[in-house]
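Structure first, commentary second.
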Amino acid sequence: MTTTPAVLILLGPPGAGKGTQARMLEEKFGLVQLSTGDLLRAAVAAGTEAGKKAKAVMEAGALVSDDIVLAILRDRMAEPDVAKGVILDGFPRTAAQASALDSLLAESGQKINAAISLEVEDDAMVERVSGRYTCAECGEGYHDTFKVPEKAGVCDKCGSTEFKRRADDNAETVRSRLEAYHAQTAPLIDYYAAKGVLKRIDAMGEIEAVAAALDSIVKASTA
Ligand code: ADP
Ligand code: ADP
Ligand code: ZN
């Protein structure tokens with residue numbers, strides 16, 4: 001590990017496996033997953049001003065404004081646990097967010113170790129997102145077909161029997177989210193390639209195969 005905290009970015013469309021892989025990296029490398037989607041859903045649930053503005057936008061599958069997302073991210077980056085190093089999951093998603101991240105990192109003398117693009121086919125995304133659910137207690141992610149709990153109806157990690165599905169995880173909304181990805185987020189792949197930090201992973205394989213590819217990249221980029 002470097003002396004300054006590691007900064008890893010996971011890029012990829014909805015359903016690519018960013019959240020699943022980020023949680024695995026947290027456990028393996030002691031990094032902190034920072035998901036703007038999770039932070040926004042928490043703001044919506046708490047009924048904060050930002051959450052009230054974000055709710056309808058998220059339900060429509062569009063991107064929440066840069067101002068709101070950046071304010072939420074800055075607050076989270078100011079918490080002490082991020083000193084262990086972060087995995088940015090679902091951020092940045094626009095060119096403005098990417099340049100704001102550069103400025104934020106420059107202030108604290110940090111740099112991006114790697115921006116890892118999880119590459120998947122659009123057609124697979126609808127199935128991945130439509131079958132997604134999570135443990136209501138610990139947030140562990142599951143899938144109706146691709147990742148079922150060892151014991152039906154019981155979370156592997158915490159034993160809870162309560163699960164939830166996201167309001168925006170339906171076939172219609174995922175199409176809008178994929179469009180937003182291609183129009184606003186995919187251009188960041190070139191942005192990070194130009195900086196020399198881009199890594200690409202074939203994320204069509206099984207969860208463990210993707211995790212193995214990711215492991216080598218994380219080890220090499222934080223060595
Ligand atoms: P993202 O955070 O990129 O939107 P998730 O990690 O939540 O994606 O994964 C979306 C859904 O697909 C989840 O239900 C997850 O269990 C499942 N999933 C994740 N990675 C894979 C994979 N490599 N193969 C099949 N299903 C996967
Ligand atoms: P997924 O990985 O499945 O696309 P996320 O949980 O990352 O889901 O995001 C869910 C929704 O939250 C997005 O469709 C968008 O409305 C909003 N969102 C999350 N992160 C950002 C971001 N960095 N910028 C703008 N909107 C965001
Ligand atoms: Zn659980």
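The way I read the labels, and the way they are meant: chains A, B, ... in the order of the structure tokens, residue 1 as the first residue of every chain, and ligand 1 as the first ligand shown, with later ones counted on from there.
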Nearby polymer residues, ligand 1, at most 6 Å, only C-alpha atoms and all ligand atoms, as a PyMOL selection string: chain A and resi 14-20+128-129+131-133+141-143+146-147+203-207
Please give me, as a PyMOL selection string, the residues lying within 8 Å of ligand 3 when counting only C-alpha atoms and all ligand atoms. chain A and resi 134-140+154-161
Writer output for current selection, N, CA and C atoms, as a compact mmCIF listing (two decimals), in the first residue's frame:
```
# COMPACT_ATOMS: atom_id res chain seq x y z
N THR A 134 -31.11 -6.90 -2.08
CA THR A 134 -30.06 -6.81 -1.05
C THR A 134 -30.63 -7.15 0.33
N CYS A 135 -29.75 -7.53 1.23
CA CYS A 135 -30.15 -7.76 2.61
C CYS A 135 -30.52 -6.41 3.23
N ALA A 136 -31.68 -6.35 3.86
CA ALA A 136 -32.15 -5.09 4.45
C ALA A 136 -31.32 -4.72 5.68
N GLU A 137 -30.66 -5.72 6.28
CA GLU A 137 -29.91 -5.50 7.51
C GLU A 137 -28.47 -5.04 7.21
N CYS A 138 -27.72 -5.82 6.40
CA CYS A 138 -26.29 -5.54 6.21
C CYS A 138 -25.95 -5.04 4.80
N GLY A 139 -26.92 -5.05 3.88
CA GLY A 139 -26.67 -4.53 2.54
C GLY A 139 -26.00 -5.50 1.58
N GLU A 140 -25.75 -6.74 2.01
CA GLU A 140 -25.14 -7.71 1.10
C GLU A 140 -26.02 -7.86 -0.15
N VAL A 154 -32.25 -16.56 3.77
CA VAL A 154 -31.43 -16.15 4.92
C VAL A 154 -30.11 -15.53 4.41
N CYS A 155 -29.80 -14.33 4.87
CA CYS A 155 -28.57 -13.67 4.42
C CYS A 155 -27.33 -14.44 4.88
N ASP A 156 -26.41 -14.72 3.93
CA ASP A 156 -25.17 -15.45 4.25
C ASP A 156 -24.32 -14.70 5.28
N LYS A 157 -24.34 -13.37 5.19
CA LYS A 157 -23.42 -12.57 6.00
C LYS A 157 -23.93 -12.34 7.41
N CYS A 158 -25.26 -12.08 7.56
CA CYS A 158 -25.72 -11.64 8.88
C CYS A 158 -26.91 -12.44 9.41
N GLY A 159 -27.43 -13.37 8.59
CA GLY A 159 -28.54 -14.21 9.07
C GLY A 159 -29.90 -13.56 9.02
N SER A 160 -29.97 -12.32 8.55
CA SER A 160 -31.27 -11.66 8.47
C SER A 160 -32.16 -12.35 7.44
N THR A 161 -33.48 -12.23 7.64
CA THR A 161 -34.42 -12.82 6.67
C THR A 161 -35.19 -11.72 5.93
```
With only C-alpha atoms and all ligand atoms counted, collect every polymer residue having an atom within 7 Å of ligand 2; state the result as a ChimeraX atom specification. /A:13-15,18,35-38,40,57-58,61-66,69,89-94,129,177
How would the residues just picked look written out with N, CA and C atoms as a short mmCIF file (atom, residue, chain, number, x, y, z; two decimals), in the first residue's frame?
```cif
data_model
loop_
_atom_site.label_atom_id
_atom_site.label_comp_id
_atom_site.auth_asym_id
_atom_site.auth_seq_id
_atom_site.Cartn_x
_atom_site.Cartn_y
_atom_site.Cartn_z
N PRO A 13 -21.61 0.44 -16.31
CA PRO A 13 -23.05 0.70 -16.34
C PRO A 13 -23.78 0.08 -15.16
N PRO A 14 -25.04 0.46 -14.95
CA PRO A 14 -25.83 -0.16 -13.88
C PRO A 14 -25.84 -1.68 -14.05
N GLY A 15 -25.56 -2.38 -12.98
CA GLY A 15 -25.60 -3.84 -13.04
C GLY A 15 -24.27 -4.47 -13.43
N LYS A 18 -20.32 -3.29 -9.90
CA LYS A 18 -19.49 -2.37 -9.12
C LYS A 18 -19.68 -2.57 -7.61
N SER A 35 -20.21 4.59 -2.19
CA SER A 35 -21.19 4.52 -3.28
C SER A 35 -22.10 5.74 -3.24
N THR A 36 -22.04 6.58 -4.27
CA THR A 36 -22.92 7.77 -4.26
C THR A 36 -24.37 7.34 -4.37
N GLY A 37 -24.64 6.20 -5.04
CA GLY A 37 -26.02 5.69 -5.09
C GLY A 37 -26.52 5.38 -3.68
N ASP A 38 -25.71 4.68 -2.88
CA ASP A 38 -26.11 4.36 -1.50
C ASP A 38 -26.29 5.64 -0.68
N LEU A 40 -27.04 8.61 -1.77
CA LEU A 40 -28.26 9.30 -2.22
C LEU A 40 -29.51 8.59 -1.70
N VAL A 57 -35.71 12.19 -9.64
CA VAL A 57 -34.68 12.01 -10.67
C VAL A 57 -34.19 10.56 -10.68
N MET A 58 -33.97 10.02 -9.50
CA MET A 58 -33.49 8.63 -9.41
C MET A 58 -34.56 7.65 -9.89
N GLY A 61 -34.53 7.35 -13.50
CA GLY A 61 -33.33 6.75 -14.09
C GLY A 61 -32.39 7.78 -14.70
N ALA A 62 -32.56 9.06 -14.32
CA ALA A 62 -31.63 10.10 -14.80
C ALA A 62 -30.57 10.35 -13.74
N LEU A 63 -29.60 11.20 -14.07
CA LEU A 63 -28.54 11.50 -13.10
C LEU A 63 -28.93 12.68 -12.21
N VAL A 64 -28.64 12.55 -10.96
CA VAL A 64 -28.86 13.63 -9.98
C VAL A 64 -27.84 14.74 -10.28
N SER A 65 -28.19 15.99 -9.97
CA SER A 65 -27.32 17.11 -10.35
C SER A 65 -25.94 17.00 -9.69
N ASP A 66 -24.95 17.49 -10.42
CA ASP A 66 -23.58 17.44 -9.92
C ASP A 66 -23.46 18.12 -8.56
N VAL A 69 -24.65 15.79 -5.76
CA VAL A 69 -23.77 14.63 -5.61
C VAL A 69 -22.42 15.05 -5.01
N ASP A 89 -17.56 3.93 -6.02
CA ASP A 89 -18.49 3.05 -6.73
C ASP A 89 -19.64 3.91 -7.24
N GLY A 90 -19.66 4.15 -8.56
CA GLY A 90 -20.74 4.97 -9.12
C GLY A 90 -20.42 6.46 -9.10
N PHE A 91 -19.22 6.82 -8.87
CA PHE A 91 -18.75 8.20 -8.90
C PHE A 91 -17.31 8.20 -9.41
N PRO A 92 -16.87 9.11 -10.26
CA PRO A 92 -17.68 10.12 -10.92
C PRO A 92 -18.50 9.54 -12.07
N ARG A 93 -19.55 10.26 -12.45
CA ARG A 93 -20.43 9.83 -13.53
C ARG A 93 -20.55 10.88 -14.62
N THR A 94 -19.96 12.05 -14.42
CA THR A 94 -19.98 13.10 -15.45
C THR A 94 -18.58 13.73 -15.49
N VAL A 129 -29.95 -6.32 -13.40
CA VAL A 129 -30.60 -5.32 -12.54
C VAL A 129 -31.99 -5.78 -12.10
N ARG A 177 -31.32 4.44 -17.51
CA ARG A 177 -30.03 4.49 -16.80
C ARG A 177 -28.89 4.11 -17.73
#
```
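Atom to atom, atom CA of A:Leu11 and atom CA of A:Lys52 stand 26.3 Å apart.
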Just list the residues in stretch 1-216 of chain A DSSP gives strand (DSSP E or B) on the backbone, as an NGL selection string. :A and (7-11 or 32-35 or 86-89 or 114-119 or 132-135 or 141-143 or 147 or 163-164 or 198-202)
Would you mind listing what lies within 12 Å of A:Leu104 as JSON, numbers by chain, with only C-alpha atoms counted and same-chain residues fewer than 6 positions away left out? {"A": [7, 70, 71, 73, 74, 75, 77, 78, 97, 98, 110, 111, 112]}
Out of chain A, which residues get alpha helix (DSSP H) from DSSP, as a VMD selection string? chain A and resid 18 to 29 36 to 46 49 to 60 66 to 77 95 to 107 122 to 130 171 to 180 187 to 195 207 to 222
Min atom-atom distance to A:Ala186 from the set A:Leu25, A:Leu118, A:Ala100, A:Ile68, counting only C-alpha atoms, belongs to A:Leu118
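Non-sequential neighbours of A:Pro187 (distance at most 12 Å, separation of 3 or more positions within a chain, only C-alpha atoms) are Leu11, Gly12, Pro92, Arg93, Thr94, Ala95, Ala96, Ala98, Ser117, Ala180, Tyr181, His182, Ala183, Gln184, Asp190, Tyr191, Tyr192, Ala193 and Ala194 of chain A.
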Selection above as a file: all heavy atoms, as a CSV table (one decimal), in the first residue's frame:
```csv
chain,number,residue,atom,x,y,z
A,11,LEU,N,-15.7,2.0,-12.7
A,11,LEU,CA,-16.6,2.6,-13.7
A,11,LEU,C,-17.4,1.4,-14.4
A,11,LEU,O,-16.8,0.4,-14.5
A,11,LEU,CB,-15.8,3.2,-14.8
A,11,LEU,CG,-15.0,4.5,-14.6
A,11,LEU,CD1,-14.1,4.8,-15.8
A,11,LEU,CD2,-16.0,5.7,-14.5
A,12,GLY,N,-18.6,1.7,-14.7
A,12,GLY,CA,-19.4,0.7,-15.4
A,12,GLY,C,-20.8,1.0,-15.4
A,12,GLY,O,-21.3,1.7,-14.5
A,92,PRO,N,-16.9,9.1,-10.3
A,92,PRO,CA,-17.7,10.1,-10.9
A,92,PRO,C,-18.5,9.5,-12.1
A,92,PRO,O,-18.2,8.5,-12.6
A,92,PRO,CB,-16.6,11.1,-11.5
A,92,PRO,CG,-15.4,10.3,-11.7
A,92,PRO,CD,-15.4,9.2,-10.6
A,93,ARG,N,-19.6,10.3,-12.4
A,93,ARG,CA,-20.4,9.8,-13.5
A,93,ARG,C,-20.5,10.9,-14.6
A,93,ARG,O,-21.2,10.6,-15.6
A,93,ARG,CB,-21.8,9.6,-13.0
A,93,ARG,CG,-22.2,8.1,-12.7
A,93,ARG,CD,-23.5,8.1,-12.0
A,93,ARG,NE,-24.3,6.9,-12.2
A,93,ARG,CZ,-24.4,5.9,-11.3
A,93,ARG,NH1,-23.7,5.9,-10.2
A,93,ARG,NH2,-25.2,4.9,-11.5
A,94,THR,N,-20.0,12.0,-14.4
A,94,THR,CA,-20.0,13.1,-15.4
A,94,THR,C,-18.6,13.7,-15.5
A,94,THR,O,-17.8,13.6,-14.5
A,94,THR,CB,-21.0,14.2,-15.1
A,94,THR,OG1,-20.5,14.9,-13.9
A,94,THR,CG2,-22.4,13.7,-14.9
A,95,ALA,N,-18.3,14.5,-16.6
A,95,ALA,CA,-17.0,15.1,-16.7
A,95,ALA,C,-16.8,16.1,-15.6
A,95,ALA,O,-15.7,16.3,-15.0
A,95,ALA,CB,-16.9,15.8,-18.1
A,96,ALA,N,-17.9,16.8,-15.2
A,96,ALA,CA,-17.8,17.8,-14.2
A,96,ALA,C,-17.4,17.2,-12.8
A,96,ALA,O,-16.6,17.7,-12.0
A,96,ALA,CB,-19.1,18.6,-14.0
A,98,ALA,N,-15.8,14.4,-12.5
A,98,ALA,CA,-14.4,13.9,-12.6
A,98,ALA,C,-13.4,15.0,-12.3
A,98,ALA,O,-12.4,14.8,-11.6
A,98,ALA,CB,-14.1,13.3,-14.0
A,117,SER,N,-12.6,0.0,-15.5
A,117,SER,CA,-13.8,-0.1,-16.2
A,117,SER,C,-14.3,-1.5,-16.3
A,117,SER,O,-13.6,-2.4,-16.8
A,117,SER,CB,-13.6,0.5,-17.6
A,117,SER,OG,-14.7,0.3,-18.5
A,180,ALA,N,-28.2,7.1,-19.9
A,180,ALA,CA,-27.4,8.1,-19.1
A,180,ALA,C,-26.0,7.7,-19.0
A,180,ALA,O,-25.1,8.5,-19.2
A,180,ALA,CB,-28.0,8.3,-17.7
A,181,TYR,N,-25.8,6.4,-18.8
A,181,TYR,CA,-24.4,5.9,-18.7
A,181,TYR,C,-23.6,6.2,-20.1
A,181,TYR,O,-22.5,6.7,-20.0
A,181,TYR,CB,-24.4,4.4,-18.4
A,181,TYR,CG,-23.0,3.8,-18.5
A,181,TYR,CD1,-22.1,4.1,-17.5
A,181,TYR,CD2,-22.5,3.2,-19.6
A,181,TYR,CE1,-20.7,3.6,-17.5
A,181,TYR,CE2,-21.2,2.7,-19.7
A,181,TYR,CZ,-20.3,3.0,-18.7
A,181,TYR,OH,-19.0,2.6,-18.8
A,182,HIS,N,-24.2,5.8,-21.2
A,182,HIS,CA,-23.5,6.0,-22.5
A,182,HIS,C,-23.3,7.4,-22.8
A,182,HIS,O,-22.2,7.8,-23.3
A,182,HIS,CB,-24.3,5.2,-23.6
A,182,HIS,CG,-24.1,3.8,-23.5
A,182,HIS,ND1,-22.9,3.1,-23.6
A,182,HIS,CD2,-25.1,2.8,-23.3
A,182,HIS,CE1,-23.1,1.8,-23.4
A,182,HIS,NE2,-24.4,1.6,-23.2
A,183,ALA,N,-24.3,8.3,-22.5
A,183,ALA,CA,-24.2,9.7,-22.9
A,183,ALA,C,-23.2,10.4,-21.9
A,183,ALA,O,-22.4,11.3,-22.4
A,183,ALA,CB,-25.5,10.3,-22.8
A,184,GLN,N,-23.3,10.2,-20.6
A,184,GLN,CA,-22.6,11.0,-19.7
A,184,GLN,C,-21.4,10.4,-19.0
A,184,GLN,O,-20.5,11.1,-18.6
A,184,GLN,CB,-23.6,11.6,-18.6
A,184,GLN,CG,-24.6,12.5,-19.3
A,184,GLN,CD,-25.7,12.8,-18.3
A,184,GLN,OE1,-26.7,12.1,-18.3
A,184,GLN,NE2,-25.6,13.9,-17.6
A,190,ASP,N,-12.2,7.5,-21.6
A,190,ASP,CA,-11.2,8.2,-22.4
A,190,ASP,C,-10.4,9.2,-21.5
A,190,ASP,O,-9.2,9.3,-21.6
A,190,ASP,CB,-11.7,8.9,-23.6
A,190,ASP,CG,-12.1,8.0,-24.7
A,190,ASP,OD1,-11.7,6.8,-24.7
A,190,ASP,OD2,-12.9,8.4,-25.6
A,191,TYR,N,-11.2,9.8,-20.6
A,191,TYR,CA,-10.6,10.8,-19.7
A,191,TYR,C,-9.5,10.1,-18.8
A,191,TYR,O,-8.4,10.6,-18.7
A,191,TYR,CB,-11.7,11.4,-18.8
A,191,TYR,CG,-11.3,12.4,-17.8
A,191,TYR,CD1,-11.1,13.7,-18.1
A,191,TYR,CD2,-11.1,12.0,-16.5
A,191,TYR,CE1,-10.7,14.7,-17.2
A,191,TYR,CE2,-10.7,13.0,-15.5
A,191,TYR,CZ,-10.5,14.3,-15.9
A,191,TYR,OH,-10.2,15.2,-14.9
A,192,TYR,N,-9.8,8.9,-18.3
A,192,TYR,CA,-8.9,8.2,-17.4
A,192,TYR,C,-7.8,7.5,-18.2
A,192,TYR,O,-6.7,7.4,-17.8
A,192,TYR,CB,-9.6,7.3,-16.4
A,192,TYR,CG,-10.3,8.1,-15.4
A,192,TYR,CD1,-11.7,8.1,-15.3
A,192,TYR,CD2,-9.6,9.0,-14.5
A,192,TYR,CE1,-12.4,8.8,-14.4
A,192,TYR,CE2,-10.3,9.8,-13.6
A,192,TYR,CZ,-11.7,9.7,-13.5
A,192,TYR,OH,-12.4,10.5,-12.6
A,193,ALA,N,-8.1,7.1,-19.5
A,193,ALA,CA,-7.1,6.6,-20.3
A,193,ALA,C,-6.0,7.6,-20.6
A,193,ALA,O,-4.8,7.4,-20.5
A,193,ALA,CB,-7.7,6.1,-21.6
A,194,ALA,N,-6.4,8.9,-20.8
A,194,ALA,CA,-5.5,10.0,-21.1
A,194,ALA,C,-4.6,10.3,-19.9
A,194,ALA,O,-3.5,10.7,-20.1
A,194,ALA,CB,-6.3,11.2,-21.5
```
Judged by only C-alpha atoms, the minimum distance to A:Lys84 among A:Ala106, A:Val174, A:Val218, A:Leu31 is found for A:Leu31
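Taking atom CA of A:Gly51 and atom CA of A:Ala6 as endpoints, the distance between them is 28.9 Å.
Residue nearest A:Gln33 within the list A:Glu59, A:Asp122, A:Asp144, A:Asp81: A:Asp81 [criterion: smallest interatomic distance, only C-alpha atoms].
Taking only C-alpha atoms into account, A:Val120 lies nearest to A:Asp202 out of the set A:Glu179, A:Asp202, A:Asp215, A:Asp168.
Near A:Ile116, within 6 Å and counting only C-alpha atoms, sit Ile9, Leu10, Leu11, Leu198, Lys199 and Arg200 of chain A; same-chain residues fewer than 6 positions away were not included.
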Can I get the selected residues back with N, CA and C atoms, as an mmCIF file, in the first residue's frame?
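Generated file (selection-v3.cif):
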```
data_model
loop_
_atom_site.group_PDB
_atom_site.id
_atom_site.type_symbol
_atom_site.label_atom_id
_atom_site.label_comp_id
_atom_site.auth_asym_id
_atom_site.auth_seq_id
_atom_site.Cartn_x
_atom_site.Cartn_y
_atom_site.Cartn_z
ATOM 1 N N ILE A 9 -11.282 3.820 -8.602
ATOM 2 C CA ILE A 9 -12.586 4.169 -9.175
ATOM 3 C C ILE A 9 -13.121 2.958 -9.920
ATOM 4 N N LEU A 10 -14.381 2.594 -9.648
ATOM 5 C CA LEU A 10 -15.019 1.544 -10.439
ATOM 6 C C LEU A 10 -16.002 2.200 -11.391
ATOM 7 N N LEU A 11 -15.729 2.050 -12.688
ATOM 8 C CA LEU A 11 -16.609 2.598 -13.722
ATOM 9 C C LEU A 11 -17.374 1.448 -14.356
ATOM 10 N N LEU A 198 -6.251 4.151 -16.540
ATOM 11 C CA LEU A 198 -7.380 3.279 -16.902
ATOM 12 C C LEU A 198 -6.987 1.805 -16.979
ATOM 13 N N LYS A 199 -7.828 0.953 -16.391
ATOM 14 C CA LYS A 199 -7.695 -0.507 -16.550
ATOM 15 C C LYS A 199 -9.056 -1.015 -16.991
ATOM 16 N N ARG A 200 -9.060 -1.975 -17.888
ATOM 17 C CA ARG A 200 -10.325 -2.542 -18.353
ATOM 18 C C ARG A 200 -10.445 -3.990 -17.904
#
```
